[in-house]
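**Student:** Quick one: structure below, then a few questions.
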Amino acid sequence: MPHSIFLAFGHLLEIENLLLMLAGVTGGIIVGALPGLTATMAIALLVPFTFTMNPASGLITLGAIYCGAIYGGCFSAILIGTPGTPSAIATVFDGYPMAKKGEAEQAIVTATGSSVIGGLIGAAVLLSLSPLLAEAALKFGPPEYFWMAVFGLTIIATLASKSILKGLIGGAFGLLLSTVGMSPIAGDVRFSFGLPALQGGIELMTAMIGFFCIPEVLFMVEERGKSYTLISYKRQRGVTLSTLAKLVRKPILLIRSAVIGAIVGIIPGAGGNIAGLVSYNEAVRASKTPEKFGTGIMEGVAASETSNNSEVGGSLVPLLTLGIPGAPPAAVLLGALLLQGMRPGAELYTVHAEITYAFLFSLFVANILMLPIGIFGGKAFARLITIVPVKLLAPTVTFLCVIGSFAIRNNIMDVAFMLLCGLFGYVGKKLGFHPGPIVLGLILGKICETGLVQSMLMGKASGSTWSMFFARPISLLLILLCLLSAMWPFIASALKKRGYFAIDSTGEGNRG
Amino acid sequence: MVKSLNWDRIAAIFLLVLCGFLWVETLPYLDLASFFPRIVILVLAVLSAILLVKSWIKADAKRLFEGIEKKNIGFAVVLIGLWVGSIPLLGLFLSSILFFNLLVWLISKERRNRRAVAFSFVLVATIVSFFYFVFQEILLVPFPKGVLF
């Protein structure tokens, strides 16, 4: 193990990887800053760039893009009042009023500082928890994996859509998509309709590019005439240091927000938007002057930004240990991980320890890089929001979608399938079916089916199928969590009636 | 005038028909291969039936593409479809230059004079060539070739 960690540091210090991190963070910030382009989309579009890289460099780049994109959302949230990514929804509440009051730089510096602190705490949580959980996951048998998958699905169904019913339908539809191709246990080819391209199943990355990117392209076409009014952002001497000094004098707020972000991230399916909203809500509740929130105070920006960046590390915990993504961008990272031939679980910390630790350490560096890039490049990112025309952005995204879906298997059928998923995602979104649950269903389907069928077989062999599913301690805990997550909307509604929530936390969609 | 439709009802009926069709598809499969898909189909059918019932109890008729330029969305979908469809014939490089330009033209709200079209063409060719170079020469990811090019 120490040898692997030593080698991981070696990867990290390679000039090529440092430059890739720099490019990844900058690219991520640019995509995140542009309204309509999400962090999920950023990773999905940029995955093809990592195909021919060695696994360590590829994952380091994607990690940097993820961190950068989540942070980048704050620029448009603060300067135009529209979150660049859904994760920055809560940043608008105080960031935009701050900018309107002429405190745009203070807001951007607060967002940058809190993002760095949140990102570092999230990465620390990931580094300390994931090896332990991966080891604990060795105790997981098929029934536990089955219940874990069910838990992930119930969570995303209840959190990701305005309508629980539609969230559940999306999840079930995703599960159904996962059954296309070879059966994991029996070996039968299912639902291929004679098409050879479907015999190997649905290519996860292709489906994700389609579901997450093409609908956004069509939304850009819908809003082609939309223009944004950018609030002027000028750097003034001394503001950066004084704002950062004020920020670090709020350790409780920062730590609380980071912890909330990391926990929300660990919960499968819950994204940065939920982390930001919950953290903002808690900051309002804990404040001695809650009435000031929403009028443009740095505490509001800090709560949201610390939390959504801490969520990045948290969302990778279930991904790297159990193969269950904590958030939609993590789902795309799972696709990239699998394409590099790495399977989540204990193997990542033993066989691939060198690459895995290089990736984990790189998240710290990427977060630290965000500070100078965000502060010194802030003005350029702000300008990009208004100068990048939709007429070029939408076709460029489409072009990258085509390249990305083709490059995975060099198969033109994949491109057609990507487009089909995209159109389906677009119409689905119009009807209230968000792509998050569908994609999570697609990912969890194989885990769920293998767990279910293997448990049934084990149950038959041991003489009691019932006890196989309901009498194992970890399974019981997971069943309890499933029930809790299924009941959550009713609990939340009751809490809301009692005035527990200071803000409406029913963020539409969960696009990360 | 476009009539408002209850899209939840339409979606529910579509999903129920899909479930029926896929259930029949599973009939020849081995038990172990059909067990999970059948459970999922059943769950999806039950959820769709609930959506159908709900669509009657709380009828919510709406126009799906209200307030947007439907023609543009339609054209964009057709153009992207043609883009993908033309790759086997023209290759990715050429089809991208062609359809990228057409998409820019569709989305653009500015006046389309000869100079603007020429500028757009050069810009698009530069963008496509940049990515072509990066993928083909640096990342060694091959672009699909067509029958003609």
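Please note that chains go A, B, ... in the order of the structure tokens, that every chain numbers its residues from 1, and that ligands are numbered from 1 in the order shown.
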Check every residue of chain B for an atom within 7 Å of chain A, counting only C-alpha atoms, and provide those that qualify as a PDB file with all heavy atoms, in the first residue's frame.

**Tutor:**
ATOM      1  N   TRP B   7     -50.854  14.939 -21.800  1.00  0.00           N
ATOM      2  CA  TRP B   7     -49.651  14.190 -22.165  1.00  0.00           C
ATOM      3  C   TRP B   7     -49.329  13.084 -21.172  1.00  0.00           C
ATOM      4  O   TRP B   7     -48.698  12.094 -21.539  1.00  0.00           O
ATOM      5  CB  TRP B   7     -48.474  15.150 -22.337  1.00  0.00           C
ATOM      6  CG  TRP B   7     -48.586  15.902 -23.617  1.00  0.00           C
ATOM      7  CD1 TRP B   7     -49.061  17.165 -23.790  1.00  0.00           C
ATOM      8  CD2 TRP B   7     -48.288  15.416 -24.931  1.00  0.00           C
ATOM      9  NE1 TRP B   7     -49.066  17.503 -25.113  1.00  0.00           N
ATOM     10  CE2 TRP B   7     -48.588  16.452 -25.843  1.00  0.00           C
ATOM     11  CE3 TRP B   7     -47.799  14.213 -25.432  1.00  0.00           C
ATOM     12  CZ2 TRP B   7     -48.417  16.324 -27.215  1.00  0.00           C
ATOM     13  CZ3 TRP B   7     -47.615  14.083 -26.805  1.00  0.00           C
ATOM     14  CH2 TRP B   7     -47.923  15.124 -27.670  1.00  0.00           C
ATOM     15  N   TYR B  29     -37.783 -16.571 -23.554  1.00  0.00           N
ATOM     16  CA  TYR B  29     -36.522 -16.576 -22.810  1.00  0.00           C
ATOM     17  C   TYR B  29     -36.507 -17.640 -21.719  1.00  0.00           C
ATOM     18  O   TYR B  29     -37.557 -18.046 -21.213  1.00  0.00           O
ATOM     19  CB  TYR B  29     -36.251 -15.211 -22.145  1.00  0.00           C
ATOM     20  CG  TYR B  29     -36.173 -14.036 -23.092  1.00  0.00           C
ATOM     21  CD1 TYR B  29     -36.388 -12.742 -22.639  1.00  0.00           C
ATOM     22  CD2 TYR B  29     -35.872 -14.211 -24.436  1.00  0.00           C
ATOM     23  CE1 TYR B  29     -36.315 -11.654 -23.489  1.00  0.00           C
ATOM     24  CE2 TYR B  29     -35.802 -13.124 -25.294  1.00  0.00           C
ATOM     25  CZ  TYR B  29     -36.033 -11.853 -24.826  1.00  0.00           C
ATOM     26  OH  TYR B  29     -35.971 -10.789 -25.668  1.00  0.00           O
ATOM     27  N   LEU B  32     -34.370 -17.926 -15.956  1.00  0.00           N
ATOM     28  CA  LEU B  32     -33.406 -17.050 -15.282  1.00  0.00           C
ATOM     29  C   LEU B  32     -33.195 -15.739 -16.036  1.00  0.00           C
ATOM     30  O   LEU B  32     -32.887 -14.714 -15.447  1.00  0.00           O
ATOM     31  CB  LEU B  32     -32.052 -17.761 -15.134  1.00  0.00           C
ATOM     32  CG  LEU B  32     -31.892 -18.695 -13.943  1.00  0.00           C
ATOM     33  CD1 LEU B  32     -30.502 -19.298 -13.932  1.00  0.00           C
ATOM     34  CD2 LEU B  32     -32.153 -17.971 -12.630  1.00  0.00           C
ATOM     35  N   ALA B  33     -33.361 -15.797 -17.362  1.00  0.00           N
ATOM     36  CA  ALA B  33     -33.151 -14.587 -18.168  1.00  0.00           C
ATOM     37  C   ALA B  33     -34.384 -13.698 -18.172  1.00  0.00           C
ATOM     38  O   ALA B  33     -34.271 -12.477 -18.331  1.00  0.00           O
ATOM     39  CB  ALA B  33     -32.783 -14.972 -19.597  1.00  0.00           C
ATOM     40  N   PHE B  36     -36.020 -11.227 -14.094  1.00  0.00           N
ATOM     41  CA  PHE B  36     -35.849  -9.814 -13.733  1.00  0.00           C
ATOM     42  C   PHE B  36     -36.592  -8.874 -14.692  1.00  0.00           C
ATOM     43  O   PHE B  36     -37.339  -7.995 -14.241  1.00  0.00           O
ATOM     44  CB  PHE B  36     -34.354  -9.466 -13.663  1.00  0.00           C
ATOM     45  CG  PHE B  36     -34.073  -8.057 -13.241  1.00  0.00           C
ATOM     46  CD1 PHE B  36     -34.300  -7.644 -11.931  1.00  0.00           C
ATOM     47  CD2 PHE B  36     -33.599  -7.121 -14.145  1.00  0.00           C
ATOM     48  CE1 PHE B  36     -34.048  -6.338 -11.539  1.00  0.00           C
ATOM     49  CE2 PHE B  36     -33.342  -5.816 -13.763  1.00  0.00           C
ATOM     50  CZ  PHE B  36     -33.566  -5.433 -12.459  1.00  0.00           C
ATOM     51  N   PRO B  37     -36.429  -9.067 -16.037  1.00  0.00           N
ATOM     52  CA  PRO B  37     -37.170  -8.156 -16.929  1.00  0.00           C
ATOM     53  C   PRO B  37     -38.675  -8.190 -16.677  1.00  0.00           C
ATOM     54  O   PRO B  37     -39.335  -7.147 -16.730  1.00  0.00           O
ATOM     55  CB  PRO B  37     -36.856  -8.686 -18.334  1.00  0.00           C
ATOM     56  CG  PRO B  37     -35.595  -9.429 -18.189  1.00  0.00           C
ATOM     57  CD  PRO B  37     -35.562  -9.974 -16.803  1.00  0.00           C
ATOM     58  N   VAL B  40     -39.529  -6.095 -13.680  1.00  0.00           N
ATOM     59  CA  VAL B  40     -39.426  -4.664 -14.015  1.00  0.00           C
ATOM     60  C   VAL B  40     -40.616  -4.241 -14.884  1.00  0.00           C
ATOM     61  O   VAL B  40     -41.209  -3.174 -14.668  1.00  0.00           O
ATOM     62  CB  VAL B  40     -38.082  -4.363 -14.731  1.00  0.00           C
ATOM     63  CG1 VAL B  40     -38.001  -2.897 -15.128  1.00  0.00           C
ATOM     64  CG2 VAL B  40     -36.905  -4.698 -13.830  1.00  0.00           C
ATOM     65  N   LEU B  44     -43.232  -1.406 -13.924  1.00  0.00           N
ATOM     66  CA  LEU B  44     -43.439  -0.271 -14.833  1.00  0.00           C
ATOM     67  C   LEU B  44     -44.908  -0.186 -15.249  1.00  0.00           C
ATOM     68  O   LEU B  44     -45.485   0.914 -15.325  1.00  0.00           O
ATOM     69  CB  LEU B  44     -42.534  -0.421 -16.071  1.00  0.00           C
ATOM     70  CG  LEU B  44     -42.503   0.748 -17.055  1.00  0.00           C
ATOM     71  CD1 LEU B  44     -42.060   2.031 -16.377  1.00  0.00           C
ATOM     72  CD2 LEU B  44     -41.550   0.449 -18.224  1.00  0.00           C
ATOM     73  N   LEU B  47     -46.929   1.211 -12.311  1.00  0.00           N
ATOM     74  CA  LEU B  47     -46.690   2.657 -12.165  1.00  0.00           C
ATOM     75  C   LEU B  47     -47.370   3.438 -13.294  1.00  0.00           C
ATOM     76  O   LEU B  47     -47.954   4.497 -13.069  1.00  0.00           O
ATOM     77  CB  LEU B  47     -45.188   2.957 -12.161  1.00  0.00           C
ATOM     78  CG  LEU B  47     -44.388   2.436 -10.957  1.00  0.00           C
ATOM     79  CD1 LEU B  47     -42.881   2.565 -11.205  1.00  0.00           C
ATOM     80  CD2 LEU B  47     -44.754   3.206  -9.690  1.00  0.00           C
ATOM     81  N   LEU B  64     -47.491  20.663 -25.241  1.00  0.00           N
ATOM     82  CA  LEU B  64     -46.137  20.226 -24.917  1.00  0.00           C
ATOM     83  C   LEU B  64     -45.069  21.235 -25.342  1.00  0.00           C
ATOM     84  O   LEU B  64     -44.096  21.446 -24.650  1.00  0.00           O
ATOM     85  CB  LEU B  64     -45.877  18.872 -25.593  1.00  0.00           C
ATOM     86  CG  LEU B  64     -44.695  18.078 -25.094  1.00  0.00           C
ATOM     87  CD1 LEU B  64     -44.811  17.811 -23.616  1.00  0.00           C
ATOM     88  CD2 LEU B  64     -44.571  16.774 -25.851  1.00  0.00           C
ATOM     89  N   ILE B  68     -42.650  27.954 -27.685  1.00  0.00           N
ATOM     90  CA  ILE B  68     -41.340  27.802 -28.335  1.00  0.00           C
ATOM     91  C   ILE B  68     -41.534  27.697 -29.847  1.00  0.00           C
ATOM     92  O   ILE B  68     -42.643  27.422 -30.318  1.00  0.00           O
ATOM     93  CB  ILE B  68     -40.567  26.561 -27.828  1.00  0.00           C
ATOM     94  CG1 ILE B  68     -41.362  25.277 -28.122  1.00  0.00           C
ATOM     95  CG2 ILE B  68     -40.254  26.663 -26.369  1.00  0.00           C
ATOM     96  CD1 ILE B  68     -40.546  24.035 -27.959  1.00  0.00           C
ATOM     97  N   GLU B  69     -40.420  27.933 -30.566  1.00  0.00           N
ATOM     98  CA  GLU B  69     -40.523  27.857 -32.024  1.00  0.00           C
ATOM     99  C   GLU B  69     -40.422  26.390 -32.452  1.00  0.00           C
ATOM    100  O   GLU B  69     -39.328  25.857 -32.618  1.00  0.00           O
ATOM    101  CB  GLU B  69     -39.411  28.694 -32.646  1.00  0.00           C
ATOM    102  CG  GLU B  69     -39.523  30.165 -32.314  1.00  0.00           C
ATOM    103  CD  GLU B  69     -38.261  30.944 -32.681  1.00  0.00           C
ATOM    104  OE1 GLU B  69     -37.284  30.830 -31.936  1.00  0.00           O
ATOM    105  OE2 GLU B  69     -38.266  31.633 -33.692  1.00  0.00           O
ATOM    106  N   ILE B  73     -37.224  23.643 -33.624  1.00  0.00           N
ATOM    107  CA  ILE B  73     -36.870  22.396 -32.939  1.00  0.00           C
ATOM    108  C   ILE B  73     -36.958  21.240 -33.938  1.00  0.00           C
ATOM    109  O   ILE B  73     -36.077  20.383 -34.005  1.00  0.00           O
ATOM    110  CB  ILE B  73     -37.812  22.152 -31.729  1.00  0.00           C
ATOM    111  CG1 ILE B  73     -37.546  23.186 -30.643  1.00  0.00           C
ATOM    112  CG2 ILE B  73     -37.660  20.739 -31.164  1.00  0.00           C
ATOM    113  CD1 ILE B  73     -36.210  23.036 -29.940  1.00  0.00           C
ATOM    114  N   VAL B  84     -26.086  12.650 -38.544  1.00  0.00           N
ATOM    115  CA  VAL B  84     -25.674  11.290 -38.172  1.00  0.00           C
ATOM    116  C   VAL B  84     -25.857  10.340 -39.368  1.00  0.00           C
ATOM    117  O   VAL B  84     -24.981   9.516 -39.670  1.00  0.00           O
ATOM    118  CB  VAL B  84     -26.483  10.802 -36.945  1.00  0.00           C
ATOM    119  CG1 VAL B  84     -26.180   9.336 -36.630  1.00  0.00           C
ATOM    120  CG2 VAL B  84     -26.177  11.678 -35.735  1.00  0.00           C
ATOM    121  N   PHE B 100     -23.024  21.270 -39.373  1.00  0.00           N
ATOM    122  CA  PHE B 100     -22.682  22.270 -38.358  1.00  0.00           C
ATOM    123  C   PHE B 100     -23.099  23.638 -38.900  1.00  0.00           C
ATOM    124  O   PHE B 100     -23.776  24.428 -38.230  1.00  0.00           O
ATOM    125  CB  PHE B 100     -21.159  22.220 -38.116  1.00  0.00           C
ATOM    126  CG  PHE B 100     -20.678  22.858 -36.838  1.00  0.00           C
ATOM    127  CD1 PHE B 100     -19.870  22.160 -35.945  1.00  0.00           C
ATOM    128  CD2 PHE B 100     -21.008  24.169 -36.518  1.00  0.00           C
ATOM    129  CE1 PHE B 100     -19.401  22.740 -34.777  1.00  0.00           C
ATOM    130  CE2 PHE B 100     -20.547  24.760 -35.354  1.00  0.00           C
ATOM    131  CZ  PHE B 100     -19.736  24.046 -34.489  1.00  0.00           C
ATOM    132  N   LEU B 103     -26.819  24.049 -38.961  1.00  0.00           N
ATOM    133  CA  LEU B 103     -27.350  24.286 -37.604  1.00  0.00           C
ATOM    134  C   LEU B 103     -27.093  25.726 -37.160  1.00  0.00           C
ATOM    135  O   LEU B 103     -27.966  26.371 -36.582  1.00  0.00           O
ATOM    136  CB  LEU B 103     -26.698  23.329 -36.606  1.00  0.00           C
ATOM    137  CG  LEU B 103     -27.486  22.085 -36.204  1.00  0.00           C
ATOM    138  CD1 LEU B 103     -26.715  21.270 -35.180  1.00  0.00           C
ATOM    139  CD2 LEU B 103     -28.861  22.425 -35.632  1.00  0.00           C
ATOM    140  N   VAL B 104     -25.897  26.225 -37.456  1.00  0.00           N
ATOM    141  CA  VAL B 104     -25.570  27.619 -37.114  1.00  0.00           C
ATOM    142  C   VAL B 104     -26.566  28.539 -37.817  1.00  0.00           C
ATOM    143  O   VAL B 104     -27.113  29.474 -37.220  1.00  0.00           O
ATOM    144  CB  VAL B 104     -24.116  27.971 -37.541  1.00  0.00           C
ATOM    145  CG1 VAL B 104     -23.864  29.472 -37.392  1.00  0.00           C
ATOM    146  CG2 VAL B 104     -23.116  27.194 -36.715  1.00  0.00           C
ATOM    147  N   ILE B 107     -29.998  28.352 -36.114  1.00  0.00           N
ATOM    148  CA  ILE B 107     -30.096  28.956 -34.781  1.00  0.00           C
ATOM    149  C   ILE B 107     -29.870  30.468 -34.826  1.00  0.00           C
ATOM    150  O   ILE B 107     -30.447  31.207 -34.035  1.00  0.00           O
ATOM    151  CB  ILE B 107     -29.081  28.290 -33.811  1.00  0.00           C
ATOM    152  CG1 ILE B 107     -29.391  26.794 -33.691  1.00  0.00           C
ATOM    153  CG2 ILE B 107     -29.152  28.919 -32.431  1.00  0.00           C
ATOM    154  CD1 ILE B 107     -28.321  26.001 -32.990  1.00  0.00           C
ATOM    155  N   SER B 108     -29.051  30.910 -35.779  1.00  0.00           N
ATOM    156  CA  SER B 108     -28.698  32.327 -35.846  1.00  0.00           C
ATOM    157  C   SER B 108     -29.925  33.216 -36.027  1.00  0.00           C
ATOM    158  O   SER B 108     -30.830  32.890 -36.795  1.00  0.00           O
ATOM    159  CB  SER B 108     -27.725  32.531 -37.003  1.00  0.00           C
ATOM    160  OG  SER B 108     -27.407  33.886 -37.084  1.00  0.00           O
ATOM    161  N   LEU B 139      -4.899  12.673 -29.999  1.00  0.00           N
ATOM    162  CA  LEU B 139      -5.504  11.641 -29.152  1.00  0.00           C
ATOM    163  C   LEU B 139      -5.599  10.280 -29.853  1.00  0.00           C
ATOM    164  O   LEU B 139      -5.944   9.279 -29.223  1.00  0.00           O
ATOM    165  CB  LEU B 139      -6.901  12.092 -28.701  1.00  0.00           C
ATOM    166  CG  LEU B 139      -6.952  13.388 -27.878  1.00  0.00           C
ATOM    167  CD1 LEU B 139      -8.379  13.839 -27.665  1.00  0.00           C
ATOM    168  CD2 LEU B 139      -6.271  13.188 -26.533  1.00  0.00           C
ATOM    169  N   LEU B 140      -5.300  10.265 -31.131  1.00  0.00           N
ATOM    170  CA  LEU B 140      -5.325   9.032 -31.936  1.00  0.00           C
ATOM    171  C   LEU B 140      -6.685   8.333 -31.918  1.00  0.00           C
ATOM    172  O   LEU B 140      -6.775   7.107 -31.917  1.00  0.00           O
ATOM    173  CB  LEU B 140      -4.220   8.059 -31.494  1.00  0.00           C
ATOM    174  CG  LEU B 140      -2.798   8.643 -31.490  1.00  0.00           C
ATOM    175  CD1 LEU B 140      -1.800   7.662 -30.917  1.00  0.00           C
ATOM    176  CD2 LEU B 140      -2.376   9.058 -32.903  1.00  0.00           C
ATOM    177  N   VAL B 141      -7.741   9.133 -31.838  1.00  0.00           N
ATOM    178  CA  VAL B 141      -9.101   8.587 -31.947  1.00  0.00           C
ATOM    179  C   VAL B 141      -9.526   8.800 -33.404  1.00  0.00           C
ATOM    180  O   VAL B 141      -9.599   9.935 -33.860  1.00  0.00           O
ATOM    181  CB  VAL B 141     -10.085   9.320 -31.002  1.00  0.00           C
ATOM    182  CG1 VAL B 141     -11.513   8.841 -31.209  1.00  0.00           C
ATOM    183  CG2 VAL B 141      -9.677   9.131 -29.551  1.00  0.00           C
TER     184      VAL B 141
END

**Student:** Please provide the set of residues having any atom within 8 Å of segment 242-250 of chain A, restricted to only C-alpha atoms, with same-chain residues fewer than 6 positions apart removed, written as a JSON list (two decimals) with N, CA and C atoms, in the first residue's frame.

**Tutor:**
[["chain", "number", "residue", "atom", "x", "y", "z"],
["A", 106, "GLN", "N", -16.71, 40.58, -4.39],
["A", 106, "GLN", "CA", -16.81, 39.93, -3.08],
["A", 106, "GLN", "C", -17.54, 38.58, -3.22],
["A", 109, "VAL", "N", -15.26, 36.05, -5.05],
["A", 109, "VAL", "CA", -14.17, 35.59, -4.18],
["A", 109, "VAL", "C", -14.72, 34.68, -3.08],
["A", 110, "THR", "N", -15.88, 35.05, -2.52],
["A", 110, "THR", "CA", -16.49, 34.19, -1.50],
["A", 110, "THR", "C", -16.78, 32.81, -2.10],
["A", 113, "GLY", "N", -13.41, 30.95, -2.66],
["A", 113, "GLY", "CA", -12.83, 30.48, -1.40],
["A", 113, "GLY", "C", -13.63, 29.34, -0.81],
["A", 114, "SER", "N", -14.95, 29.49, -0.78],
["A", 114, "SER", "CA", -15.77, 28.42, -0.18],
["A", 114, "SER", "C", -15.72, 27.15, -1.04],
["A", 302, "ALA", "N", -21.50, 31.40, 0.58],
["A", 302, "ALA", "CA", -20.55, 30.44, 1.15],
["A", 302, "ALA", "C", -21.24, 29.11, 1.46]]

**Student:** Would you list the contacts of Leu480 of chain A as a short mmCIF file (atom, residue, chain, number, x, y, z; two decimals) with N, CA, C and O atoms, in the first residue's frame, taking every protein, DNA or RNA residue within 12 Å and counting only C-alpha atoms, but skipping same-chain residues closer than 4 positions in sequence?

**Tutor:**
data_model
loop_
_atom_site.label_atom_id
_atom_site.label_comp_id
_atom_site.auth_asym_id
_atom_site.auth_seq_id
_atom_site.Cartn_x
_atom_site.Cartn_y
_atom_site.Cartn_z
N TRP A 147 -30.27 -4.85 -2.48
CA TRP A 147 -30.94 -3.82 -1.68
C TRP A 147 -30.29 -2.45 -1.86
O TRP A 147 -30.96 -1.42 -1.83
N MET A 148 -28.97 -2.47 -2.06
CA MET A 148 -28.25 -1.20 -2.29
C MET A 148 -28.78 -0.55 -3.58
O MET A 148 -28.99 0.66 -3.63
N VAL A 150 -31.72 -1.05 -4.94
CA VAL A 150 -33.10 -0.60 -4.69
C VAL A 150 -33.07 0.73 -3.93
O VAL A 150 -33.83 1.66 -4.24
N PHE A 151 -32.16 0.84 -2.97
CA PHE A 151 -32.02 2.07 -2.19
C PHE A 151 -31.67 3.25 -3.11
O PHE A 151 -32.28 4.32 -3.05
N THR A 154 -34.76 4.24 -5.10
CA THR A 154 -35.81 4.94 -4.35
C THR A 154 -35.37 6.37 -4.03
O THR A 154 -36.16 7.30 -4.09
N PHE A 470 -34.19 -11.13 3.78
CA PHE A 470 -34.67 -10.31 4.91
C PHE A 470 -34.04 -10.62 6.27
O PHE A 470 -34.44 -10.04 7.27
N PRO A 473 -28.05 -8.89 8.49
CA PRO A 473 -28.02 -7.57 9.16
C PRO A 473 -27.84 -6.38 8.21
O PRO A 473 -28.57 -5.39 8.31
N ILE A 474 -26.88 -6.49 7.27
CA ILE A 474 -26.66 -5.34 6.37
C ILE A 474 -27.88 -5.13 5.48
O ILE A 474 -28.30 -4.01 5.22
N SER A 475 -28.49 -6.25 5.05
CA SER A 475 -29.70 -6.15 4.21
C SER A 475 -30.80 -5.44 4.98
O SER A 475 -31.50 -4.59 4.42
N LEU A 476 -30.94 -5.79 6.26
CA LEU A 476 -32.01 -5.16 7.06
C LEU A 476 -31.80 -3.65 7.16
O LEU A 476 -32.75 -2.88 7.04
N LEU A 484 -37.14 4.43 4.48
CA LEU A 484 -37.00 5.83 4.87
C LEU A 484 -37.00 6.74 3.65
O LEU A 484 -37.67 7.78 3.63
N SER A 485 -36.25 6.34 2.62
CA SER A 485 -36.18 7.19 1.43
C SER A 485 -37.52 7.20 0.70
O SER A 485 -37.91 8.21 0.14
N ALA A 486 -38.23 6.06 0.72
CA ALA A 486 -39.54 6.02 0.07
C ALA A 486 -40.55 6.91 0.80
O ALA A 486 -41.43 7.52 0.21
N MET A 487 -40.37 7.00 2.14
CA MET A 487 -41.30 7.80 2.95
C MET A 487 -40.88 9.27 3.02
O MET A 487 -41.62 10.10 3.53
#

**Student:** Would you list the contacts of Ile368 of chain A as a ChimeraX atom specification, taking every protein, DNA or RNA residue within 9 Å and counting only C-alpha atoms, but skipping same-chain residues closer than 6 positions in sequence?

**Tutor:** /A:116-117,119-120

**Student:** Keeping only C-alpha atoms, take the residues you just selected and write them out as a compact mmCIF listing (two decimals), in the first residue's frame.

**Tutor:**
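So again-v5.txt came out as:
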# COMPACT_ATOMS: atom_id res chain seq x y z
CA VAL A 116 -11.93 25.44 -2.52
CA ILE A 117 -12.57 24.77 1.18
CA GLY A 119 -13.80 20.75 -2.32
CA LEU A 120 -10.84 20.01 -0.04

**Student:** Could you go through segment 236-436 of chain A and tell me which residues DSSP, when run on the backbone, assigns to alpha helix (DSSP H), listing them as a PyMOL selection string?

**Tutor:** chain A and resi 239-248+251-266+272-286+298-322+328-339+346-350+353-387+390-409+412-430+435-436

**Student:** Taking 6 positions as the minimum chain separation for residues in the same chain, which residues sit within 9 Å of Met205 of chain A when counting only C-alpha atoms? Answer as number ranges by chain.

**Tutor:** A: 44, 47, 332, 334-336, 339, 404-405, 408, 418

**Student:** Calculated over only C-alpha atoms, which of the candidates B:Leu52, B:Leu27, B:Val147, B:Ala125 has the smallest distance to Ser86 of chain B?

**Tutor:**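 Using only C-alpha atoms, Ser86 of chain B sits closest to B:Val147.
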
**Student:** When you count only C-alpha atoms, which of these residues is closest to Ile41 of chain B: B:Gly74, B:Gly20, B:Pro88, B:Pro28?

**Tutor:**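 For Ile41 of chain B, the nearest of the given residues is B:Gly20.
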
**Student:** Residues at most 12 Å from segment 126-131 of chain A, counting only C-alpha atoms, excluding those fewer than 4 positions away in the same chain, as a count of residues only?

**Tutor:** 48
